[in-house]
Amino acid sequence: MPLTPGRFVFCERGRILDICQNVEGIRIENTEAKLEGYQIYLVEQWAIERNREVATAVSFTGDPVHKIMAVAITIEQPEVSCPRLEKVFEKLREEKARPKETPYGQLFVTNLSLFASSLNIVLVPYEGDFDLYQRRFYLNLNLRRMGCSGRSALTSKSPSDAQREKFNQLYKISDSTDFEETVIRLVNLVQNCLFIFGLFKLSDVDGLLCNATKKGLDEFHETFLSSKSQKFPSDNALDPSVLAGMFSKLSNIRGKLQHLVNNVPKDPFAEPVAFISAVKAFQVRDGRI
């Protein structure tokens, strides 16, 4: 459906800026618009799916204590083409979000009482600054999907000592590392590795243990490891044995490749595109492509 001209407000500022950047006919009006009387909720199931552009719902409370940070944009004419933004509006309509006028434009608000009970929602703290909270959400969701949080509900709190200990023990991580950075970085490495094996999109590498990452890990195990090791049912989406097998295989490939072609990156995890180029250079030289 074509975009409707007008002024609009969204709470996922970084994502909307990325979507609208350099799109002719869309003007960014305010990147730090402050609104009172609203709350932002992050929906867990939406966040871990890669077929969505945004993963939040905004609720109107009317209480001036409740504040949110937002980005305001203007769509200048109906001929504007921006498929990703069109997808945002399509999802808002599907979820029956209603436009509400604000000083900065229309903000789509949701009646939380209409939400399916199966959806897990988390109130975004820090005066409604989703971008500030996003990394904490990634951290806590990763820990839960790694089996380090039990069955407790997702929260915005800092990880407990028990969670930290379980993670370090599970993945053999030193206590001296920056814990929060390590959790996100580990998933980043996994996603880059999956990209090299053709099982993940590079544009989606962000450190969130999403469903696409889990699917890539399952496919890697089925393709490369199923004949060597049995994968038992587990609450852990990032099985340590699969992780070890994947990292070991990539390291072995790199070790062999460096003796066959030039310019093989020292760290394929940090330079996945360059590593794939080195693989293709070998394939061309060997007459495989």
# chains A, B, ... in the order shown; residues from 1 in each chain; ligands from 1
$ residues_around --residues "segment 106-122 of chain A" --least-positions-apart "5" --cutoff "10 Å" --atoms "only C-alpha atoms" --output "mmCIF file with N, CA, C and O atoms, in the first residue's frame"
data_model
loop_
_atom_site.group_PDB
_atom_site.id
_atom_site.type_symbol
_atom_site.label_atom_id
_atom_site.label_comp_id
_atom_site.auth_asym_id
_atom_site.auth_seq_id
_atom_site.Cartn_x
_atom_site.Cartn_y
_atom_site.Cartn_z
ATOM 1 N N GLY A 6 2.163 12.988 5.272
ATOM 2 C CA GLY A 6 1.816 13.502 6.593
ATOM 3 C C GLY A 6 2.993 13.447 7.542
ATOM 4 O O GLY A 6 4.105 13.069 7.168
ATOM 5 N N ARG A 7 2.723 13.826 8.801
ATOM 6 C CA ARG A 7 3.750 13.823 9.847
ATOM 7 C C ARG A 7 3.500 12.638 10.772
ATOM 8 O O ARG A 7 2.381 12.447 11.256
ATOM 9 N N PHE A 8 4.555 11.871 11.040
ATOM 10 C CA PHE A 8 4.398 10.662 11.829
ATOM 11 C C PHE A 8 5.503 10.556 12.869
ATOM 12 O O PHE A 8 6.601 11.084 12.696
ATOM 13 N N VAL A 9 5.184 9.824 13.960
ATOM 14 C CA VAL A 9 6.105 9.694 15.088
ATOM 15 C C VAL A 9 6.285 8.213 15.406
ATOM 16 O O VAL A 9 5.315 7.446 15.440
ATOM 17 N N PHE A 10 7.551 7.820 15.643
ATOM 18 C CA PHE A 10 7.864 6.426 15.971
ATOM 19 C C PHE A 10 8.833 6.384 17.141
ATOM 20 O O PHE A 10 9.690 7.258 17.284
ATOM 21 N N CYS A 11 8.723 5.332 17.959
ATOM 22 C CA CYS A 11 9.568 5.251 19.163
ATOM 23 C C CYS A 11 10.886 4.518 18.925
ATOM 24 O O CYS A 11 11.820 4.697 19.702
ATOM 25 N N TYR A 38 2.596 8.474 27.542
ATOM 26 C CA TYR A 38 2.717 7.236 26.761
ATOM 27 C C TYR A 38 3.743 6.302 27.401
ATOM 28 O O TYR A 38 4.643 6.739 28.115
ATOM 29 N N GLN A 39 3.591 5.015 27.103
ATOM 30 C CA GLN A 39 4.580 4.014 27.507
ATOM 31 C C GLN A 39 4.893 3.108 26.323
ATOM 32 O O GLN A 39 4.021 2.841 25.488
ATOM 33 N N ILE A 40 6.140 2.642 26.278
ATOM 34 C CA ILE A 40 6.576 1.747 25.206
ATOM 35 C C ILE A 40 6.724 0.339 25.768
ATOM 36 O O ILE A 40 7.306 0.148 26.838
ATOM 37 N N TYR A 41 6.203 -0.628 25.042
ATOM 38 C CA TYR A 41 6.365 -2.032 25.415
ATOM 39 C C TYR A 41 7.070 -2.771 24.273
ATOM 40 O O TYR A 41 6.689 -2.627 23.113
ATOM 41 N N LEU A 42 8.082 -3.512 24.628
ATOM 42 C CA LEU A 42 8.760 -4.349 23.650
ATOM 43 C C LEU A 42 8.115 -5.724 23.662
ATOM 44 O O LEU A 42 7.876 -6.285 24.729
ATOM 45 N N VAL A 43 7.800 -6.246 22.489
ATOM 46 C CA VAL A 43 7.147 -7.550 22.369
ATOM 47 C C VAL A 43 8.202 -8.585 21.993
ATOM 48 O O VAL A 43 8.805 -8.518 20.927
ATOM 49 N N GLU A 44 8.433 -9.515 22.895
ATOM 50 C CA GLU A 44 9.514 -10.486 22.725
ATOM 51 C C GLU A 44 9.396 -11.268 21.424
ATOM 52 O O GLU A 44 10.366 -11.413 20.670
ATOM 53 N N GLN A 45 8.206 -11.774 21.142
ATOM 54 C CA GLN A 45 8.034 -12.597 19.938
ATOM 55 C C GLN A 45 8.276 -11.806 18.659
ATOM 56 O O GLN A 45 8.738 -12.357 17.655
ATOM 57 N N TRP A 46 7.971 -10.525 18.668
ATOM 58 C CA TRP A 46 8.221 -9.696 17.486
ATOM 59 C C TRP A 46 9.716 -9.449 17.307
ATOM 60 O O TRP A 46 10.220 -9.411 16.193
ATOM 61 N N THR A 56 7.958 -3.030 18.807
ATOM 62 C CA THR A 56 7.389 -2.368 19.977
ATOM 63 C C THR A 56 5.926 -1.996 19.764
ATOM 64 O O THR A 56 5.447 -1.914 18.631
ATOM 65 N N ALA A 57 5.250 -1.770 20.877
ATOM 66 C CA ALA A 57 3.883 -1.240 20.871
ATOM 67 C C ALA A 57 3.842 -0.056 21.833
ATOM 68 O O ALA A 57 4.476 -0.093 22.886
ATOM 69 N N VAL A 58 3.123 0.983 21.456
ATOM 70 C CA VAL A 58 3.006 2.178 22.289
ATOM 71 C C VAL A 58 1.602 2.239 22.879
ATOM 72 O O VAL A 58 0.610 2.055 22.167
ATOM 73 N N SER A 59 1.540 2.487 24.176
ATOM 74 C CA SER A 59 0.262 2.579 24.880
ATOM 75 C C SER A 59 0.054 4.004 25.390
ATOM 76 O O SER A 59 0.985 4.624 25.909
ATOM 77 N N PHE A 60 -1.167 4.520 25.237
ATOM 78 C CA PHE A 60 -1.496 5.850 25.757
ATOM 79 C C PHE A 60 -2.040 5.718 27.167
ATOM 80 O O PHE A 60 -2.967 4.956 27.412
ATOM 81 N N ALA A 70 11.048 9.788 20.907
ATOM 82 C CA ALA A 70 10.603 9.349 19.590
ATOM 83 C C ALA A 70 11.308 10.136 18.486
ATOM 84 O O ALA A 70 11.993 11.122 18.745
ATOM 85 N N ALA A 72 10.449 12.015 14.761
ATOM 86 C CA ALA A 72 9.353 12.553 13.964
ATOM 87 C C ALA A 72 9.798 12.700 12.517
ATOM 88 O O ALA A 72 10.882 13.216 12.241
ATOM 89 N N ILE A 73 8.969 12.214 11.606
ATOM 90 C CA ILE A 73 9.291 12.312 10.181
ATOM 91 C C ILE A 73 8.122 12.933 9.421
ATOM 92 O O ILE A 73 6.991 12.950 9.919
ATOM 93 N N PHE A 89 4.014 0.354 8.423
ATOM 94 C CA PHE A 89 2.608 0.761 8.469
ATOM 95 C C PHE A 89 1.672 -0.432 8.293
ATOM 96 O O PHE A 89 0.616 -0.503 8.928
ATOM 97 N N LEU A 92 1.392 -2.178 11.602
ATOM 98 C CA LEU A 92 0.600 -1.371 12.535
ATOM 99 C C LEU A 92 -0.896 -1.540 12.262
ATOM 100 O O LEU A 92 -1.699 -1.651 13.196
ATOM 101 N N ARG A 93 -1.262 -1.582 10.985
ATOM 102 C CA ARG A 93 -2.670 -1.770 10.641
ATOM 103 C C ARG A 93 -3.141 -3.171 11.027
ATOM 104 O O ARG A 93 -4.250 -3.345 11.549
ATOM 105 N N GLU A 95 -2.122 -4.982 13.409
ATOM 106 C CA GLU A 95 -2.238 -5.091 14.864
ATOM 107 C C GLU A 95 -3.251 -4.108 15.441
ATOM 108 O O GLU A 95 -3.350 -3.946 16.658
ATOM 109 N N LYS A 96 -3.987 -3.438 14.545
ATOM 110 C CA LYS A 96 -5.072 -2.529 14.933
ATOM 111 C C LYS A 96 -4.594 -1.357 15.797
ATOM 112 O O LYS A 96 -5.323 -0.883 16.675
ATOM 113 N N ALA A 97 -3.352 -0.919 15.547
ATOM 114 C CA ALA A 97 -2.867 0.294 16.207
ATOM 115 C C ALA A 97 -3.584 1.492 15.583
ATOM 116 O O ALA A 97 -3.806 1.530 14.374
ATOM 117 N N ARG A 98 -3.946 2.461 16.416
ATOM 118 C CA ARG A 98 -4.714 3.624 15.948
ATOM 119 C C ARG A 98 -3.866 4.885 16.013
ATOM 120 O O ARG A 98 -3.144 5.100 16.994
ATOM 121 N N PRO A 99 -3.940 5.734 14.986
ATOM 122 C CA PRO A 99 -3.161 6.984 15.008
ATOM 123 C C PRO A 99 -3.712 7.973 16.031
ATOM 124 O O PRO A 99 -4.933 8.133 16.163
ATOM 125 N N LYS A 100 -2.820 8.602 16.767
ATOM 126 C CA LYS A 100 -3.202 9.619 17.747
ATOM 127 C C LYS A 100 -2.350 10.860 17.498
ATOM 128 O O LYS A 100 -1.130 10.767 17.377
ATOM 129 N N GLU A 101 -3.000 12.001 17.421
ATOM 130 C CA GLU A 101 -2.282 13.242 17.133
ATOM 131 C C GLU A 101 -1.426 13.670 18.319
ATOM 132 O O GLU A 101 -1.849 13.604 19.469
ATOM 133 N N PHE A 137 17.961 -5.356 26.436
ATOM 134 C CA PHE A 137 17.000 -6.371 26.019
ATOM 135 C C PHE A 137 17.712 -7.514 25.297
ATOM 136 O O PHE A 137 17.459 -8.692 25.565
ATOM 137 N N ALA A 153 10.442 -14.558 33.718
ATOM 138 C CA ALA A 153 10.006 -13.632 32.673
ATOM 139 C C ALA A 153 11.128 -12.672 32.314
ATOM 140 O O ALA A 153 11.993 -12.359 33.129
ATOM 141 N N LEU A 154 11.096 -12.216 31.082
ATOM 142 C CA LEU A 154 12.092 -11.260 30.611
ATOM 143 C C LEU A 154 11.903 -9.932 31.334
ATOM 144 O O LEU A 154 10.782 -9.460 31.505
ATOM 145 N N THR A 155 13.005 -9.318 31.768
ATOM 146 C CA THR A 155 12.935 -8.034 32.468
ATOM 147 C C THR A 155 13.990 -7.096 31.909
ATOM 148 O O THR A 155 14.802 -7.462 31.054
ATOM 149 N N SER A 156 13.982 -5.859 32.413
ATOM 150 C CA SER A 156 14.974 -4.863 32.003
ATOM 151 C C SER A 156 16.097 -4.731 33.031
ATOM 152 O O SER A 156 16.943 -3.844 32.912
#
$ select_by_dssp --residues "segment 109-183 of chain A" --states "helix (DSSP H, G or I)" --output "PyMOL selection string"
chain A and resi 112-114+126-128+130-145+161-170+179-183
$ select_by_dssp --residues "segment 9-101 of chain A" --states "strand (DSSP E or B)" --output "MDAnalysis selection string"
chainID A and resid 9:10 26:36 38:43 56:60 67:75 98:101
$ closest_atom_pairs --of "segment 243-287 of chain A" --to "segment 193-201 of chain A" --cutoff "9 Å" --atoms "only C-alpha atoms" --output "tab-separated table"
residue	atom	partner	partner_atom	distance
A:Met246	CA	A:Cys193	CA	7.6
A:Phe247	CA	A:Cys193	CA	7.6
A:Leu250	CA	A:Cys193	CA	7.5
A:Pro268	CA	A:Cys193	CA	8.0
A:Phe269	CA	A:Cys193	CA	6.2
A:Pro272	CA	A:Ile196	CA	6.1
A:Val273	CA	A:Ile196	CA	7.7
A:Phe275	CA	A:Ile196	CA	7.8
A:Ile276	CA	A:Ile196	CA	6.4
$ closest_atom_pairs --of "segment 41-131 of chain A" --to "segment 25-30 of chain A" --cutoff "7 Å" --atoms "only C-alpha atoms" --output "CSV"
residue,atom,partner,partner_atom,distance
A:Val71,CA,A:Asn30,CA,5.6
A:Ala72,CA,A:Asn30,CA,5.0
A:Ile73,CA,A:Ile28,CA,4.5
A:Thr74,CA,A:Arg27,CA,5.1
A:Ile75,CA,A:Ile26,CA,4.7
A:Glu76,CA,A:Gly25,CA,5.2
A:Gln77,CA,A:Gly25,CA,6.5
A:Val80,CA,A:Gly25,CA,5.6
$ closest_residue --among "A:Ile253, A:Val65, A:Met146, A:Leu243" --to "Val190 of chain A" --atoms "only C-alpha atoms"
A:Leu243
$ closest_residue --among "A:Arg254, A:Ala33, A:Gly216, A:Thr182" --to "Leu238 of chain A" --atoms "only C-alpha atoms"
A:Gly216
$ closest_residue --among "A:Asn211, A:Ser149, A:Ser251, A:Asn192" --to "Ala274 of chain A" --atoms "only C-alpha atoms"
A:Asn192
$ residues_around --residues "Ile19 of chain A" --least-positions-apart "2" --cutoff "7 Å" --atoms "only C-alpha atoms" --output "ChimeraX atom specification"
/A:15-17,21,84-85
